[in-house]
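Undergrad: There's a structure below that I have some questions on.
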Amino acid sequence: MLSRYLRLHHPARTGPVRPGPAGSSPAKPSPEPFPRGECAINASTSPPAVELRGITKRFPGVVANHDIDITVRSGTVHALVGENGAGKSTLMKILYGMQKPDEGTIAVNGEQVAFGDPGDAIARGIGMVHQHFMLADNLTVLENVVLGSEKAYGIGGRARARIKEISDAYGLGVRPDVLVEDLGVADRQRVEILKVLYRGARILILDEPTAVLVPQEVDALFENLRGLKSEGLTVIFISHKLGEVLSVADEITVIRRGTTVGEADPKKTTAKQLAELMVGSELPSPETRESTVTTEPMLTVEGLRLFETDSEGVERIVLDGIGFTIHKGEILGIAGVEGNGQAELVEAVMGMRSLNAGVLTLDGRDITRTPTRRRREDGIGYIPEDRHRHGLLLEAPLWENRILGHVTERPNSRGFLIDPGAARRDTERIVREYDVRTPGIEVPAASLSGGNQQKLIVGREMSHLPKLLIAAHPTRGVDVGAQAQIWDQIRAARRDGLAVLLISADLDELIGLSDTLRVMYRGRLVADADPATITPEELGSAMTGASAGHLAGGEDR
Amino acid sequence: GSSTTSDSGSTGGSGSASSSSSGGGGKTKGVGMAYDVGGRGDHSFNDSAARGLDKADGELKLDSKELTAANGETESDRVQRLDSLAAAGYNPVVAVGYTYGTAVTTVAKKYPNTTFGLVDSVVDAPNVDSMVFATEQSSYLAGVAAALKTKTGKVGFIGGVQNTLIGTFDAGFAQGVKDTKPSVQLTREYLYKTDPRGFNDATSAAAKAQGMLDKGVDVIYTAAGLSGDGSIQKVAGKSGAWAIGVDSDQFQDPALAKYKNSILTSAIKNVDVAVYDLINSVKKDNKPKVGTNSYDLANNGVSLATSGNFLSDVQAQIDAAKQKIVSGQIKVSSTP
Amino acid sequence: MKKFDKDRVLLGLAAPVLSVLGALIVTGLVLLASGKEPFHAFHVMLTYGSKSDSQVYILNKATPYYLSGLAVAIGFRMNLFNIGVDGQYRLAAFFAAAVGGSMSIPGVIQIPIIILTAMVVGAAWAAIAGVLKVTRGVSEVISTIMLNSIAGIVIGFFLQDGRLGVTDKLANTITTKPIPPGSHLFNFTTQTDPVVGFIVFAGLAGVVYWFVLSRTRFGFDLRSVGRSDSAAQASGVSVKKMVVVSMLISGAMAGLVGMSTLLNQSYQFSTDFPAGIGFTGIAVALLGRNNPIGIAIGALLWAFLERASNGLEFEGYDKEIVGVIQGAIVLAVVIAYELVRRYGLARQQRQVGAELAAAGSDDKQEVTA
Amino acid sequence: MTATATQTPPPAAPRAAGGKGGRTRLSVPVILLIVAAAIIVVSAVRAIAGADDVTSSGQIAGALTGAVPIALAGLGGLWSERAGVVNIGLEGMMILGTFFGAWAGWSLNPWMGVLAGVLGGMAGGLLHAIVTVTFGVDQIIAGVAINILAAGVTAYLAKRIFNVGKAATEGGTPKQSPPIEDIKSFTVPGLSHWLSTLEKHHWFLISDLAGIVGGLVTNISSLTLLAVVLFVATFFVLWRTSFGLRLRSCGENPVAAESLGVNVYLYKYVAVTVSGGLAGLGGVFLAIGTHFYLEGQTSGRGYIGLAAMIFGNWRPGGLAMGAGLFGYADSLQLRSGSDSVHALLLLLAVLLLAMAIWKYVRKAYVSAGFALGFAVLLAVWYATTDTVADEIVQASPYVATLLVMGLSAQRLRMPKADGLPYRKGQGG
Ligand SMILES: Nc1ncnc2c1ncn2[C@@H]1O[C@H](COP(=O)(O)OP(=O)(O)OP(=O)(O)O)[C@@H](O)[C@H]1O
Ligand SMILES: Nc1ncnc2c1ncn2[C@@H]1O[C@H](COP(=O)(O)OP(=O)(O)OP(=O)(O)O)[C@@H](O)[C@H]1O
Ligand SMILES: [Mg+2]
Ligand SMILES: [Mg+2]
């Protein structure tokens, strides 16, 4: 049906592009009762694409959505903003049929609907790109795309042709026969969008699509969104990056604590105002520069190389020729598109991977062959990128999580025995000092929200007065309030001589916090920059490999 | 006798009546039977023991109790089984199978007034009847038959587990073959060295037999309990090949009815005779039969079956061999 | 806070009670379907199973089950599935018996040597699976299954005349040389049969298990690997080393399984040495939820059921029904625990939510959860 | 354990070496070449060592008989694990298959036995599905419980059913069913005979081929043919239909499947139930092959099927190879192949030598050294002995499995969400 739609809006293109069988096939998903095409052009008179009225959704102990009202006009980009846990994703999952509302009604194109599962929503022309990608790594792009909609074009040649057609029409550049596993984040994002288009969706939900993209990729995505909009599709878009929201949205709805608190016109609103609407406080800024950098090196990395043999026995170079020094009181930021070796660098410094070559020196001592535990005892603190995988025992109570990673250190243990009493007392202290919102220290870590989990981790690592802190995406997915708190803690420790290796995808955070910046591309440090002068755009272009060497002037260190 | 299930005779008193008293009365209660794995209805030596019981039961109207071992039991399970029978006053208590050896030693000491029967093993105690069977003698005859019947000049022996008991079958068979026709080539195989699964693994026995048949062996003697069924089937699948059964007359075994025309003969162990003797001695003659009682060709404790009449052409030679054994002219070794 | 704890106790009791009830219902239905009266059967099991000689029997039987359960549970705590306890304990008991039979020195020295041999052999056999897992990535489920079979064959090889075995002509078995009486372990005499002395060691093993896992740094590391190996790795635990070490410990514990039989009952390893206890251990560990007390209860329950089966047979029931009960109990236990766990988690979240909502009312800045 | 099956995408690091990143799937001609080379090497070894049973038709037929039940159990495991449910209960489902197959096979006819055995296995599978999918119990634990339950239930029923009345008079015992009729088997007329004549000449290569082919075309049970059909059908259904795509997606990323409207529970239920049915069929094969239900008949074949499946990298072709390997080794030991195993020492030495050369060429000198060392050791062993101990023959299937797993396990990849609990509406 998208092809029919394409015909409407690209009369020049329809003839040659569409291969016969796809267009003439009777097996297309036909049950879409909503009016199409013309109405998109004349949005104001047609019924709204989506109308949510009085939506309430309760989870055990949490009201995720409470009496939410939203109207999304057809043919617009509608942004949804709100703090972490405000209930945005839940609301979208309800609209997409993945969860059932406890109360409230949904109308799509003026028609009241009730979705039993996503299949129903898809049949109504709704498609969703989830906050976390919904792709099966071990299947090909083609298989991922056709899954669930095999009736439309089969699972073979016709489907492949159709995918190529859509991919070409929107410049997505998707190759149908590669395994998803081999794709980078941006490619996966495009596959997700293609999945939605393949189903002929006319209402697209994008939940935090830009969280993992570099600026250039974000721009490309927005270009795609504008294209879709111009063709009459409706886009619902969620992001924590308010600048983006203002640049792309036609309308903005703000959600706070599970309910709609207001709407904003992007043309008349600033990011600051929007943030205030969201949290009732000012948008904190990572700026406030005062150099605390000393000349004493804390961590030196020289000639680091790392290979990896994958399951097929093919050897890949993951890190090559990495060398840098972090001084006491310095924050070294590493910028880079995800998957270019940052995670491996962190693991190498933590001792979780053995090096193929290179020397690591911590505070004058060679730690190249030191095991992880010794490194932690020697003063490396670690805020992992994936807190669920690397930072917490989700099923264990908070006080056991406080012991994790520091089991050999006071107050957690004496000699070979652990000291539960002291650990519990210290956990209470962390909960107090770091403002971890929890009813007690006996609850499992899984029942805390992501932001509070992160605060617990930061508190734990800081409690052991590290010399070097490895902070990987320390504020990812954390809302503005908690973000500011975490930044403050890092800055305070830097003042006391802490050295920090900071990895982040949030370029504002990176530029705002770092004393020195390096750019990582394909396992190498290809460029360096001065955070005082560099702009996110310049940094972003270096991250894609477009520029190398020293960026944008400033003093060389 | 298969109409009786293990429910039979359950009208007897409960086990809790006299649990710690030593020595049962002996007059009121009947026989306590402790079977090996498989129990009554196994078409093998348990069944044979049960036949002995049934025969005595028919004559004396006993009130008996039958218990059966399970797979993977331990010594204490067997002790407890015998103990509970003796404690409940059953007399005699018959333990079917060599696995009960140690248990009988223990329990017989505890109940000196009860007579215990033990099949296939020897316990030296004043109140134990150790019933041993000269299976090497019947196996010798089987060997004679095999040597006379083979056309390829190759015969085979398959044992379930390589232990002393099965060794007697092996030894007798080998000697019988050799004495009859030295040129005949004997292949001997065991399913397992020690694993008692060897008596319950028809699949392995079938494969072993097939391997032998493929190498030209045309008479196979299998001493491996239930596993033997597998080997007999394979033999039946090859025309001209013969199987020799063991323990009971397997020609008569309903489970093997389809293959009976390939069952040349069986080396029979008449456990029923021994069990019947013991029961009679206790219940009728009041003079318990104790000590080691050997059942051999001479007293018809073991024999070679003739059902099917496949041996009629060589019966004379077999009878001659039997005579020599009975007269002591031939000494059959019981170790291979 | 007081009420909180009481609820937790109730919650803790709910699962076992539910599962035993479930199993009884299933069994009752099976009995009914086969035309038997279930209540009388249960009555028989109870009265027979609680007689004094039954109690001794149950304790003696439960001792190896308990140790086997502990051995399996160590693996479970690490997310390792050691199906190989069966092969480990048999091989261990065999070599321990061979060593014990070849010496004749004072028991105080010889008994420890025998036990140590068993632990070392069990550990070594288990270590093969551990090493294969960490160096070659072979799933321990597969390797331990294979190693069980191989263990049986190894025993078969050595348990022959002229190697480590002696043929017992009368008993039709091949055994190792008997351990001299001076090295028999003490027993506790009771009015009926003696209770095996090794039960003391089993109890001790349980205490050590509890202490090491919940009170030591090592135990903390081990449990963290079981909960999340990636998080444990990041926390500084060498997961590979931990896999091997815990397999070693599990195997050493498995080595103890056969010791009550060897040192208290048979004094030699023969072809009818009890087999299959390693598999019983899996069921027992599941029943006991890897908790030392729970495992003890599981082992006793299992032994009770086996004992009761004899009573059933005596009363004219098919004792095979006990196999049905055992299966039903294990299944009912895993389901009941899962349901209770889920209920508990939901309750916990409700609590977190409720307390935060209470806190949140005076702090308007934070979000829902 | 609360973890859901969603992950953020792992970084796709650049591949520095290896160009396109060869996920090299062997093409058909390459496989044929390898098979041909293998046969030539084996027949050379056979001729040198004079161990004719290595490729005899009896050995091959035995291998096939041994392989089929394992392969069917493994195929069951494949269905279930492709849908994300680990099924260690295969053993129990096989036991159910032997019991119900023998019951109906005896009281009705063998084909009804097949049906009943499959249904029995499916009942076990359904139970596993209920416990793991609906109740979300740990899958390994549930499987163990099902194994215990199946053994208990069948032992009880066997006593109640096979030891009484007509069954008992027809040869049933508490541990054995009365005999089942044979199921139809096929022999390619003429060909078999001609091949067996060829085989008897013990010519290099020709007799080996004749033996192998002969073993595969003589006296083949209809159940074996059924098993072959099921393998082909499984491949087709799972990899060439949309049903299969959906099923596999449940094993890779159930939350993604759910988000596209796939009813994950349904597919898991279907997969696990089919899995039980296949394992049950494996059980029936055993029962009909021996013509009896025997207690303990499966003796761990369910687990070995699982091993074969993992060995085969969760694919039908690989699984068939794994099962074949095990069946071959098992057949060797059952047919008392002391000579054959002795000959295989030489074969192994040759293979290790080849591996040493390969490793040397790839500059993996340490592995090359190890391989060479072992090759020499084996060759010396071969040269200085005439046979190998029975125990080594007996252990060969298990040791072979361990060795092969040790050599290949790291290249395996299981379905990503295999074994993880999944709950509807909890993902994302
Ligand atoms: N499956 C679930 N079970 C229980 N509670 C849930 C579940 N999903 C969400 N919640 C609760 O609902 C709240 C809203 O979550 P939701 O994911 O919608 O937030 P969000 O606005 O998307 O946050 P973010 O910006 O971090 O993505 C969460 O704080 C959480 O407490
Ligand atoms: N699948 C789930 N099952 C149970 N509870 C859940 C689930 N998903 C989320 N929650 C609950 O939601 C809360 C966390 O929600 P959520 O993950 O949206 O927070 P977040 O701030 O977005 O964190 P993150 O950034 O890590 O996603 C916790 O209270 C957690 O218990
Ligand atoms: Mg979230
Ligand atoms: Mg969200």
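By convention in this document, the chains of the structure tokens carry letters A, B, ... by their order, each chain's residues are numbered from 1, and ligands are numbered from 1 in the order they are shown.
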Around ligand 4, at most 10 Å away and counting only C-alpha atoms and all ligand atoms, which residues are there? Put them as an mmCIF file with N, CA, C and O atoms, in the first residue's frame, please.

TA:
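What ended up in result05.cif:
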```cif
data_model
loop_
_atom_site.group_PDB
_atom_site.id
_atom_site.type_symbol
_atom_site.label_atom_id
_atom_site.label_comp_id
_atom_site.auth_asym_id
_atom_site.auth_seq_id
_atom_site.Cartn_x
_atom_site.Cartn_y
_atom_site.Cartn_z
ATOM 1 N N VAL A 81 8.150 14.659 25.059
ATOM 2 C CA VAL A 81 9.317 14.772 25.930
ATOM 3 C C VAL A 81 8.909 14.586 27.374
ATOM 4 O O VAL A 81 7.754 14.758 27.747
ATOM 5 N N GLY A 82 9.886 14.210 28.167
ATOM 6 C CA GLY A 82 9.636 14.000 29.596
ATOM 7 C C GLY A 82 10.834 13.324 30.212
ATOM 8 O O GLY A 82 11.687 12.774 29.518
ATOM 9 N N GLU A 83 10.886 13.392 31.535
ATOM 10 C CA GLU A 83 12.018 12.797 32.239
ATOM 11 C C GLU A 83 12.046 11.283 32.048
ATOM 12 O O GLU A 83 11.097 10.693 31.572
ATOM 13 N N ASN A 84 13.117 10.695 32.567
ATOM 14 C CA ASN A 84 13.176 9.234 32.615
ATOM 15 C C ASN A 84 12.021 8.719 33.439
ATOM 16 O O ASN A 84 11.734 9.244 34.508
ATOM 17 N N GLY A 85 11.429 7.697 32.933
ATOM 18 C CA GLY A 85 10.366 7.060 33.707
ATOM 19 C C GLY A 85 9.088 7.871 33.723
ATOM 20 O O GLY A 85 8.171 7.572 34.485
ATOM 21 N N ALA A 86 9.008 8.906 32.883
ATOM 22 C CA ALA A 86 7.787 9.703 32.874
ATOM 23 C C ALA A 86 6.634 8.920 32.275
ATOM 24 O O ALA A 86 5.472 9.252 32.489
ATOM 25 N N GLY A 87 6.941 7.923 31.524
ATOM 26 C CA GLY A 87 5.878 7.086 30.979
ATOM 27 C C GLY A 87 5.728 7.183 29.477
ATOM 28 O O GLY A 87 4.725 6.746 28.914
ATOM 29 N N LYS A 88 6.733 7.729 28.807
ATOM 30 C CA LYS A 88 6.632 7.913 27.365
ATOM 31 C C LYS A 88 6.614 6.576 26.626
ATOM 32 O O LYS A 88 5.736 6.314 25.807
ATOM 33 N N SER A 89 7.591 5.764 26.941
ATOM 34 C CA SER A 89 7.673 4.478 26.237
ATOM 35 C C SER A 89 6.427 3.646 26.507
ATOM 36 O O SER A 89 5.891 2.992 25.605
ATOM 37 N N THR A 90 5.987 3.662 27.744
ATOM 38 C CA THR A 90 4.801 2.889 28.084
ATOM 39 C C THR A 90 3.616 3.345 27.240
ATOM 40 O O THR A 90 2.880 2.524 26.689
ATOM 41 N N LEU A 91 3.467 4.640 27.123
ATOM 42 C CA LEU A 91 2.354 5.171 26.350
ATOM 43 C C LEU A 91 2.439 4.705 24.897
ATOM 44 O O LEU A 91 1.446 4.285 24.296
ATOM 45 N N MET A 92 3.623 4.747 24.361
ATOM 46 C CA MET A 92 3.791 4.351 22.962
ATOM 47 C C MET A 92 3.563 2.849 22.785
ATOM 48 O O MET A 92 3.034 2.405 21.781
ATOM 49 N N LYS A 93 3.972 2.088 23.776
ATOM 50 C CA LYS A 93 3.720 0.654 23.684
ATOM 51 C C LYS A 93 2.224 0.380 23.726
ATOM 52 O O LYS A 93 1.743 -0.574 23.116
ATOM 53 N N HIS A 130 11.560 0.945 18.350
ATOM 54 C CA HIS A 130 11.636 0.948 19.809
ATOM 55 C C HIS A 130 12.901 1.599 20.322
ATOM 56 O O HIS A 130 13.903 1.690 19.625
ATOM 57 N N GLN A 131 12.830 1.991 21.591
ATOM 58 C CA GLN A 131 13.973 2.603 22.264
ATOM 59 C C GLN A 131 15.181 1.673 22.196
ATOM 60 O O GLN A 131 16.291 2.077 21.923
ATOM 61 N N HIS A 132 14.927 0.404 22.491
ATOM 62 C CA HIS A 132 15.979 -0.594 22.310
ATOM 63 C C HIS A 132 15.632 -1.328 21.022
ATOM 64 O O HIS A 132 14.502 -1.743 20.841
ATOM 65 N N ASP A 207 10.969 5.899 19.219
ATOM 66 C CA ASP A 207 11.274 6.097 20.637
ATOM 67 C C ASP A 207 12.770 6.277 20.808
ATOM 68 O O ASP A 207 13.544 5.337 20.641
ATOM 69 N N GLU A 208 13.194 7.488 21.122
ATOM 70 C CA GLU A 208 14.612 7.847 21.294
ATOM 71 C C GLU A 208 15.488 7.307 20.168
ATOM 72 O O GLU A 208 16.439 6.573 20.404
ATOM 73 N N ILE A 238 10.218 10.625 20.175
ATOM 74 C CA ILE A 238 10.596 10.821 21.573
ATOM 75 C C ILE A 238 12.090 11.079 21.642
ATOM 76 O O ILE A 238 12.876 10.408 20.973
ATOM 77 N N SER A 239 12.495 12.082 22.416
ATOM 78 C CA SER A 239 13.924 12.309 22.592
ATOM 79 C C SER A 239 14.176 13.056 23.885
ATOM 80 O O SER A 239 13.332 13.804 24.373
ATOM 81 N N HIS A 240 15.347 12.838 24.441
ATOM 82 C CA HIS A 240 15.773 13.637 25.592
ATOM 83 C C HIS A 240 16.585 14.842 25.149
ATOM 84 O O HIS A 240 16.915 15.690 25.958
ATOM 85 N N GLY A 477 20.658 7.714 29.473
ATOM 86 C CA GLY A 477 19.311 7.357 29.878
ATOM 87 C C GLY A 477 18.943 7.856 31.257
ATOM 88 O O GLY A 477 17.968 7.414 31.833
ATOM 89 N N GLY D 428 11.399 -4.688 26.007
ATOM 90 C CA GLY D 428 11.579 -3.358 25.457
ATOM 91 C C GLY D 428 11.892 -2.328 26.491
ATOM 92 O O GLY D 428 11.752 -1.166 26.260
#
```

Undergrad: List the neighbours of Gln176 (chain D) out to 6 Å using only C-alpha atoms; skip same-chain residues closer than 2 positions along the sequence, and give me the result as a list in words.

TA: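 The residues satisfying every condition are Gly172, Thr173, Pro174, Tyr293 and Leu294 of chain D.
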
Undergrad: When DSSP is applied to the backbone of this structure, which of region 89-305 of chain A are assigned alpha helix (DSSP H)? Write them out as a ChimeraX atom specification.

TA: /A:89-95,118-123,141-146,150-153,157-170,185-198,215-230,242-248,271-279

Undergrad: May I ask which of the residues D:Lys424, D:Arg46, D:Arg301, D:Lys416 is the closest one to ligand 1, counting only C-alpha atoms and all ligand atoms?

TA: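 Using only C-alpha atoms and all ligand atoms, ligand 1 sits closest to D:Lys424.
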
Undergrad: Using only C-alpha atoms, find which residues of chain A lie within 6 Å of chain C and jot them down as a PyMOL selection string.

TA: chain A and resi 60-62+257+372-373+389-391+405+416-418+439+447+449
